[in-house]
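What's in target14.txt: compact mmCIF, C-alpha atoms and all ligand atoms
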# COMPACT_ATOMS: atom_id res chain seq x y z
CA SER B 1 19.48 -16.64 -2.62
CA ASP B 2 19.33 -13.32 -0.79
CA SER B 3 23.11 -13.26 -0.32
CA HIS B 4 23.48 -12.51 -4.03
CA PHE B 5 22.17 -8.97 -3.86
CA PRO B 6 23.14 -6.05 -1.66
CA VAL B 7 20.57 -4.76 0.81
CA PRO B 8 20.66 -1.18 2.11
CA LEU B 9 21.25 -1.12 5.85
CA THR B 10 18.67 1.63 6.37
CA PRO B 11 16.61 3.94 4.11
CA SER B 12 19.38 6.54 4.30
CA HIS B 13 21.74 3.98 2.74
CA VAL B 14 19.65 3.71 -0.45
CA ASP B 15 21.95 5.17 -3.10
CA TYR B 16 19.81 7.79 -4.84
CA SER B 17 22.69 8.84 -7.10
CA LEU B 18 22.74 5.32 -8.54
CA HIS B 19 19.00 5.17 -9.12
CA TYR B 20 18.31 8.77 -10.13
CA PRO B 21 21.61 10.27 -11.36
CA TYR B 22 19.83 13.16 -13.09
CA PHE B 23 18.36 14.35 -9.80
CA PHE B 24 21.24 13.25 -7.55
CA PRO B 25 24.45 13.54 -9.57
CA SER B 26 27.47 11.95 -7.94
CA ASP B 27 30.94 13.54 -8.30
CA GLN B 28 31.66 11.02 -11.03
CA ASP B 29 28.62 12.05 -13.06
CA THR B 30 29.42 15.74 -12.89
CA ALA B 31 33.04 15.04 -13.87
CA ASP B 32 31.91 13.79 -17.29
CA ASP B 33 33.54 16.05 -19.93
CA ASN B 34 30.37 16.55 -21.93
CA GLY B 35 28.15 17.20 -18.96
CA ASP B 36 26.23 14.05 -19.86
CA VAL B 37 24.33 12.32 -17.08
CA ALA B 38 22.84 9.00 -18.17
CA GLY B 39 22.05 10.23 -21.64
CA VAL B 40 20.95 13.73 -20.66
CA SER B 41 23.06 16.18 -22.56
CA GLN B 42 23.70 19.71 -21.29
CA ALA B 43 20.42 19.68 -19.36
CA PRO B 44 20.21 21.84 -16.27
CA ILE B 45 20.29 19.53 -13.28
CA PRO B 46 17.23 20.11 -11.13
CA ILE B 47 17.60 20.16 -7.40
CA CYS B 48 15.66 17.29 -5.91
CA ASN B 49 15.48 16.81 -2.18
CA SER B 50 12.61 14.41 -2.41
CA LYS B 51 12.57 10.79 -1.32
CA ILE B 52 11.08 7.84 -3.18
CA ARG B 53 7.29 8.15 -2.89
CA PHE B 54 5.86 5.27 -4.97
CA VAL B 55 6.88 1.61 -4.92
CA ASP B 56 5.77 -1.09 -7.35
CA VAL B 57 6.18 -4.35 -5.45
CA GLY B 58 6.99 -7.29 -7.75
CA CYS B 59 7.17 -4.89 -10.69
CA GLY B 60 7.87 -7.60 -13.27
CA PHE B 61 8.82 -6.04 -16.60
CA GLY B 62 8.18 -2.50 -15.38
CA GLY B 63 5.18 -1.43 -17.48
CA LEU B 64 3.52 0.39 -14.59
CA LEU B 65 6.64 2.42 -13.73
CA VAL B 66 7.06 3.43 -17.37
CA SER B 67 3.45 4.70 -17.49
CA LEU B 68 3.69 6.48 -14.14
CA ALA B 69 7.02 8.17 -15.02
CA THR B 70 5.45 10.72 -17.34
CA LEU B 71 2.18 10.99 -15.41
CA PHE B 72 4.10 12.06 -12.25
CA PRO B 73 7.37 13.50 -13.64
CA ASP B 74 8.36 15.08 -10.30
CA THR B 75 7.80 11.95 -8.20
CA LEU B 76 10.56 9.44 -7.50
CA MET B 77 9.46 5.81 -7.79
CA ILE B 78 11.05 2.39 -7.62
CA GLY B 79 10.18 -1.17 -8.56
CA MET B 80 11.18 -4.07 -6.32
CA GLU B 81 11.70 -7.31 -8.19
CA LEU B 82 13.01 -10.66 -7.00
CA ARG B 83 14.08 -12.13 -10.35
CA ASP B 84 17.57 -11.07 -11.38
CA LYS B 85 17.12 -11.26 -15.16
CA VAL B 86 13.79 -9.45 -15.04
CA THR B 87 15.38 -6.69 -12.93
CA GLU B 88 18.23 -6.35 -15.43
CA TYR B 89 15.69 -6.11 -18.26
CA VAL B 90 13.85 -3.29 -16.45
CA LYS B 91 17.14 -1.43 -15.83
CA GLU B 92 17.99 -1.63 -19.53
CA ARG B 93 14.48 -0.57 -20.47
CA ILE B 94 14.69 2.53 -18.28
CA LEU B 95 18.17 3.46 -19.54
CA ALA B 96 17.01 3.15 -23.15
CA LEU B 97 13.97 5.35 -22.44
CA ARG B 98 16.22 7.97 -20.80
CA VAL B 99 18.49 8.08 -23.83
CA ALA B 100 15.61 8.25 -26.32
CA ASN B 101 13.70 10.88 -24.33
CA PRO B 102 16.16 13.38 -22.83
CA GLY B 103 14.99 14.69 -19.46
CA GLN B 104 12.29 12.03 -19.09
CA TYR B 105 12.14 8.70 -17.22
CA GLN B 106 14.77 10.00 -14.78
CA ASN B 107 12.35 9.52 -11.88
CA ILE B 108 11.93 5.71 -12.14
CA SER B 109 14.26 2.93 -11.11
CA VAL B 110 14.31 -0.70 -10.06
CA ASP B 111 16.15 -2.82 -7.52
CA ARG B 112 16.53 -6.54 -7.21
CA THR B 113 15.33 -7.46 -3.76
CA ASN B 114 12.91 -9.50 -1.71
CA SER B 115 10.16 -7.05 -0.81
CA MET B 116 8.79 -9.42 1.81
CA LYS B 117 11.98 -9.04 3.82
CA TYR B 118 13.42 -5.64 3.07
CA ILE B 119 10.72 -2.95 2.74
CA PRO B 120 11.84 -1.28 6.04
CA ASN B 121 15.43 -1.16 4.73
CA TYR B 122 14.29 1.02 1.83
CA PHE B 123 11.59 3.31 3.22
CA SER B 124 11.24 5.22 6.46
CA LYS B 125 8.09 5.81 8.46
CA GLY B 126 5.41 7.60 6.45
CA GLN B 127 7.72 8.05 3.43
CA LEU B 128 5.51 6.49 0.74
CA SER B 129 2.34 7.86 -0.81
CA LYS B 130 1.52 4.91 -3.09
CA MET B 131 2.24 1.17 -3.02
CA PHE B 132 1.34 -1.12 -5.91
CA PHE B 133 0.76 -4.90 -5.82
CA LEU B 134 -0.31 -5.77 -9.34
CA PHE B 135 -1.01 -9.38 -10.26
CA PRO B 136 1.13 -10.85 -7.46
CA ASP B 137 1.92 -14.56 -7.42
CA PRO B 138 -1.15 -16.40 -6.02
CA HIS B 139 0.48 -19.15 -3.88
CA PHE B 140 -2.69 -21.23 -3.90
CA LYS B 141 -1.89 -23.85 -1.27
CA GLU B 142 -2.88 -23.02 2.28
CA LYS B 143 0.63 -23.73 3.59
CA ASN B 144 2.03 -21.20 1.10
CA HIS B 145 -0.32 -18.36 2.05
CA ARG B 146 2.51 -17.02 4.23
CA ARG B 147 4.37 -16.31 0.97
CA ARG B 148 1.68 -13.94 -0.24
CA VAL B 149 2.84 -10.32 -0.54
CA ILE B 150 -0.33 -9.12 1.18
CA SER B 151 -0.84 -10.56 4.65
CA PRO B 152 -1.94 -9.16 8.02
CA HIS B 153 1.67 -9.09 9.20
CA LEU B 154 3.06 -7.40 6.07
CA LEU B 155 0.23 -4.86 6.13
CA ASP B 156 1.66 -3.65 9.44
CA GLU B 157 4.91 -2.87 7.60
CA TYR B 158 3.11 -1.25 4.70
CA ALA B 159 1.06 0.89 7.12
CA TYR B 160 4.32 2.00 8.74
CA THR B 161 5.95 3.12 5.49
CA LEU B 162 2.82 4.79 4.06
CA GLU B 163 1.89 8.35 5.00
CA ALA B 164 -1.62 9.03 6.32
CA GLY B 165 -3.80 9.26 3.19
CA GLY B 166 -1.34 7.09 1.23
CA ILE B 167 -2.86 4.42 -0.99
CA ILE B 168 -2.32 0.68 -1.55
CA TYR B 169 -3.43 -0.56 -4.97
CA THR B 170 -3.95 -4.29 -5.46
CA ILE B 171 -5.30 -6.23 -8.43
CA THR B 172 -5.34 -9.87 -9.52
CA ASP B 173 -7.10 -12.18 -11.95
CA VAL B 174 -7.26 -14.92 -9.30
CA GLU B 175 -10.58 -14.58 -7.48
CA GLU B 176 -9.41 -16.38 -4.34
CA LEU B 177 -6.36 -14.11 -4.04
CA GLY B 178 -8.54 -11.04 -4.68
CA ASP B 179 -10.80 -12.08 -1.80
CA TRP B 180 -7.75 -12.70 0.39
CA MET B 181 -6.15 -9.30 -0.31
CA ARG B 182 -9.44 -7.48 0.26
CA SER B 183 -10.15 -9.31 3.51
CA CYS B 184 -6.62 -8.64 4.84
CA LEU B 185 -7.01 -4.94 4.06
CA GLU B 186 -10.59 -4.80 5.34
CA GLY B 187 -9.51 -6.41 8.62
CA HIS B 188 -6.58 -4.05 9.23
CA PRO B 189 -7.30 -1.13 11.60
CA LEU B 190 -5.10 1.32 9.64
CA PHE B 191 -6.69 0.87 6.21
CA GLU B 192 -10.08 1.82 4.79
CA ALA B 193 -11.52 1.22 1.32
CA VAL B 194 -11.24 4.09 -1.15
CA VAL B 195 -14.79 5.04 -2.18
CA GLU B 196 -15.92 4.46 -5.79
CA GLU B 197 -16.21 8.20 -6.49
CA ASP B 198 -12.52 8.71 -5.60
CA LEU B 199 -11.47 5.65 -7.63
CA GLU B 200 -13.09 7.17 -10.69
CA LYS B 201 -11.15 10.43 -10.24
CA ASP B 202 -7.81 8.69 -9.73
CA PRO B 203 -5.89 8.44 -13.06
CA VAL B 204 -3.74 5.65 -11.63
CA VAL B 205 -6.67 3.25 -11.27
CA LYS B 206 -7.05 2.89 -15.05
CA LEU B 207 -3.39 1.86 -15.32
CA LEU B 208 -3.86 -1.12 -12.99
CA THR B 209 -5.34 -3.20 -15.80
CA SER B 210 -3.70 -1.54 -18.80
CA ALA B 211 -0.09 -0.66 -17.93
CA THR B 212 1.53 -3.88 -16.74
CA GLU B 213 2.53 -6.83 -18.87
CA GLU B 214 0.46 -9.20 -16.72
CA GLY B 215 -2.57 -6.89 -16.87
CA GLN B 216 -2.33 -6.72 -20.65
CA LYS B 217 -2.15 -10.50 -20.87
CA VAL B 218 -5.28 -10.87 -18.74
CA ALA B 219 -7.08 -8.23 -20.84
CA ARG B 220 -6.10 -10.01 -24.11
CA ASN B 221 -7.56 -13.24 -22.77
CA GLY B 222 -10.73 -11.47 -21.63
CA GLY B 223 -10.06 -12.44 -17.99
CA GLN B 224 -11.85 -10.90 -15.04
CA THR B 225 -9.90 -8.87 -12.48
CA TYR B 226 -10.43 -8.28 -8.77
CA ARG B 227 -9.28 -4.94 -7.43
CA ALA B 228 -8.87 -3.69 -3.87
CA VAL B 229 -7.70 -0.11 -3.28
CA TYR B 230 -7.27 1.03 0.32
CA LYS B 231 -6.20 4.20 2.05
CA ARG B 232 -3.84 4.44 5.03
CA ILE B 233 -5.78 6.25 7.72
CA ALA B 234 -4.33 8.16 10.64
CA PRO B 235 -4.65 6.26 13.90
CA GLN B 236 -7.43 7.47 16.21
CA ALA B 237 -6.17 9.76 18.95
CA VAL B 238 -6.37 8.00 22.30
CA ASP B 239 -7.87 10.08 25.13
N1 LIG H 301 3.38 -6.62 -11.38
C1 LIG H 301 3.84 -7.18 -12.64
C2 LIG H 301 2.73 -7.17 -13.67
O1 LIG H 301 1.58 -6.90 -13.30
O2 LIG H 301 3.01 -7.43 -14.84
C3 LIG H 301 4.40 -8.59 -12.46
C4 LIG H 301 3.45 -9.66 -11.98
S1 LIG H 301 4.25 -11.25 -11.78
C5 LIG H 301 2.92 -12.37 -11.83
C6 LIG H 301 4.76 -11.23 -10.08
C7 LIG H 301 6.16 -10.67 -9.92
O3 LIG H 301 6.48 -10.53 -8.54
C8 LIG H 301 7.23 -11.55 -10.52
O4 LIG H 301 8.01 -10.81 -11.41
C9 LIG H 301 8.03 -12.04 -9.31
O5 LIG H 301 9.39 -12.27 -9.61
C10 LIG H 301 7.83 -10.91 -8.34
N2 LIG H 301 7.99 -11.28 -6.93
C11 LIG H 301 7.48 -12.36 -6.31
N3 LIG H 301 7.82 -12.36 -5.01
C12 LIG H 301 8.57 -11.24 -4.80
C13 LIG H 301 9.23 -10.71 -3.66
N4 LIG H 301 9.17 -11.32 -2.48
N5 LIG H 301 9.92 -9.55 -3.80
C14 LIG H 301 9.99 -8.94 -5.01
N6 LIG H 301 9.37 -9.40 -6.11
C15 LIG H 301 8.68 -10.54 -6.02

Full structure transcribed into structure tokens:
Amino acid sequence: SDSHFPVPLTPSHVDYSLHYPYFFPSDQDTADDNGDVAGVSQAPIPICNSKIRFVDVGCGFGGLLVSLATLFPDTLMIGMELRDKVTEYVKERILALRVANPGQYQNISVDRTNSMKYIPNYFSKGQLSKMFFLFPDPHFKEKNHRRRVISPHLLDEYAYTLEAGGIIYTITDVEELGDWMRSCLEGHPLFEAVVEEDLEKDPVVKLLTSATEEGQKVARNGGQTYRAVYKRIAPQAVD
């Protein structure tokens, strides 16, 4: 249950030195005799005042984060994942990548948490520029629709944490869920569909089907996917 994992009280309680020790060394890290920080030897420590900007909600085994890490090396990103063992796997995966590739993969991390409850504990208003919902659990039965990670109510929270111009990426191989996610986004006053021309220019869009473990499985089986990519718009000024 939720009591088994710590939850940050507010976004300023998220421990960046734990997630990104290369960018936010703690006193302990710097005290290391060899100057090693999580497998980075003798590297100059860059100053990073930035906050987390991308979140992969229900990141699973972390394939998207791993692909994004080198595409956006100066952007901090995090995966939120409910399953303990899967989260531990992703942590190990990231640590191994950091050791094998000094100076790289320092900008990605993962936390075990329930994204449906705790998004506002992690991110402040307008903090995020991208949110990913790739192949979320479908929850087919009508009575379980409230468990879906995209819903009118949760979109209010996502709109709050996204900056104006920030983007929500969703994709699924379940047609009914694809229709549901699109209609929730379409019906929300603070989101508008990203036009096809912009989707083609966005390097991230190609990763939606190719980078995650679930996406690769669907591609191997020749399954169809249903994508909805929406932009957070600024609210209209009221006269
Ligand atoms: N996005 C990954 C991919 O494309 O490979 C994983 C997709 S998997 C079908 C859905 C993931 O969402 C699972 O790993 C599940 O544990 C996670 N999940 C479900 N509900 C969640 C929640 N409320 N908070 C965080 N993660 C959740």

Sphere at (15.5, -9.5, 0.4), radius 8 Å, counting all atoms listed in the file: residues as a VMD selection string: chain B and resid 2 5 7 82 113 to 118

Selection within 8 Å of ligand LIG 301 (chain H) by all atoms listed in the file, output as a VMD selection string: chain B and resid 56 to 64 80 to 83 86 112 to 117 133 to 137 147 to 149 208 211 to 216

Counting only C-alpha atoms, the option among B:Lys130, B:Lys51, B:Lys143, B:Arg182 closest to Ala228 (chain B): B:Arg182

Interatomic distance, CA of Thr70 (chain B) to CA of Val90 (chain B) (Å, one decimal): 16.4 Å

Nearest to Asn107 (chain B), chosen from B:His13, B:Arg53, B:Lys141, B:Lys85, with only C-alpha atoms counted in the distances: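 Closest candidate: B:Arg53.
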
Near-Val195 (chain B) list (10 Å; all atoms listed in the file; drop same-chain fewer than 3 positions) as a list of chain:residue names: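 Contacts, in chain order: B:Glu192, B:Asp198, B:Leu199, B:Glu200, B:Val229, B:Tyr230, B:Lys231.
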
Within-10 Å shell of (15.6, 0.6, -16.3) in input frame, only C-alpha atoms, as a PyMOL selection string: chain B and resi 19+61-62+65-66+78-79+87-98+105-106+108-111

Interatomic distance (Å, one decimal) between CA of Tyr169 (chain B) and CA of Ser17 (chain B):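 Going from CA of Tyr169 (chain B) over to CA of Ser17 (chain B), I get 27.8 Å.
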
Pick from B:Phe132, B:Phe72, B:Phe23, B:Phe123, whichever lies nearest to Val55 (chain B) using all atoms listed in the file: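 Selected residue with least distance to Val55 (chain B): B:Phe132.
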
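Between Glu176 (chain B) and the residues B:Tyr20, B:Phe54, B:Phe191, B:Tyr226, the shortest atom-to-atom distance, using only C-alpha atoms, involves B:Tyr226.
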
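Taking CA of Val174 (chain B) and CA of Leu162 (chain B) as the two end points, the separation is 25.9 Å.
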
Applying 7 Å and all atoms listed in the file, which residues near Gly178 (chain B) remain after dropping the ones on its own chain fewer than 6 positions away? List them as a PDB file with C-alpha atoms, keeping the file's coordinate frame.
ATOM      1  CA  ILE B 171      -5.300  -6.230  -8.430  1.00  0.00           C
ATOM      2  CA  THR B 172      -5.340  -9.870  -9.520  1.00  0.00           C
ATOM      3  CA  TYR B 226     -10.430  -8.280  -8.770  1.00  0.00           C
ATOM      4  CA  ARG B 227      -9.280  -4.940  -7.430  1.00  0.00           C
TER       5      ARG B 227
END

For Ile119 (chain B), the nearest of the candidates B:Glu163, B:Asp179, B:Glu157, B:Glu142, counting all atoms listed in the file: B:Glu157

Of the listed residues B:Leu190, B:Met131, B:Ala69, B:Leu155, that which approaches Gly103 (chain B) most closely, counting all atoms listed in the file: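 Using all atoms listed in the file, Gly103 (chain B) sits closest to B:Ala69.
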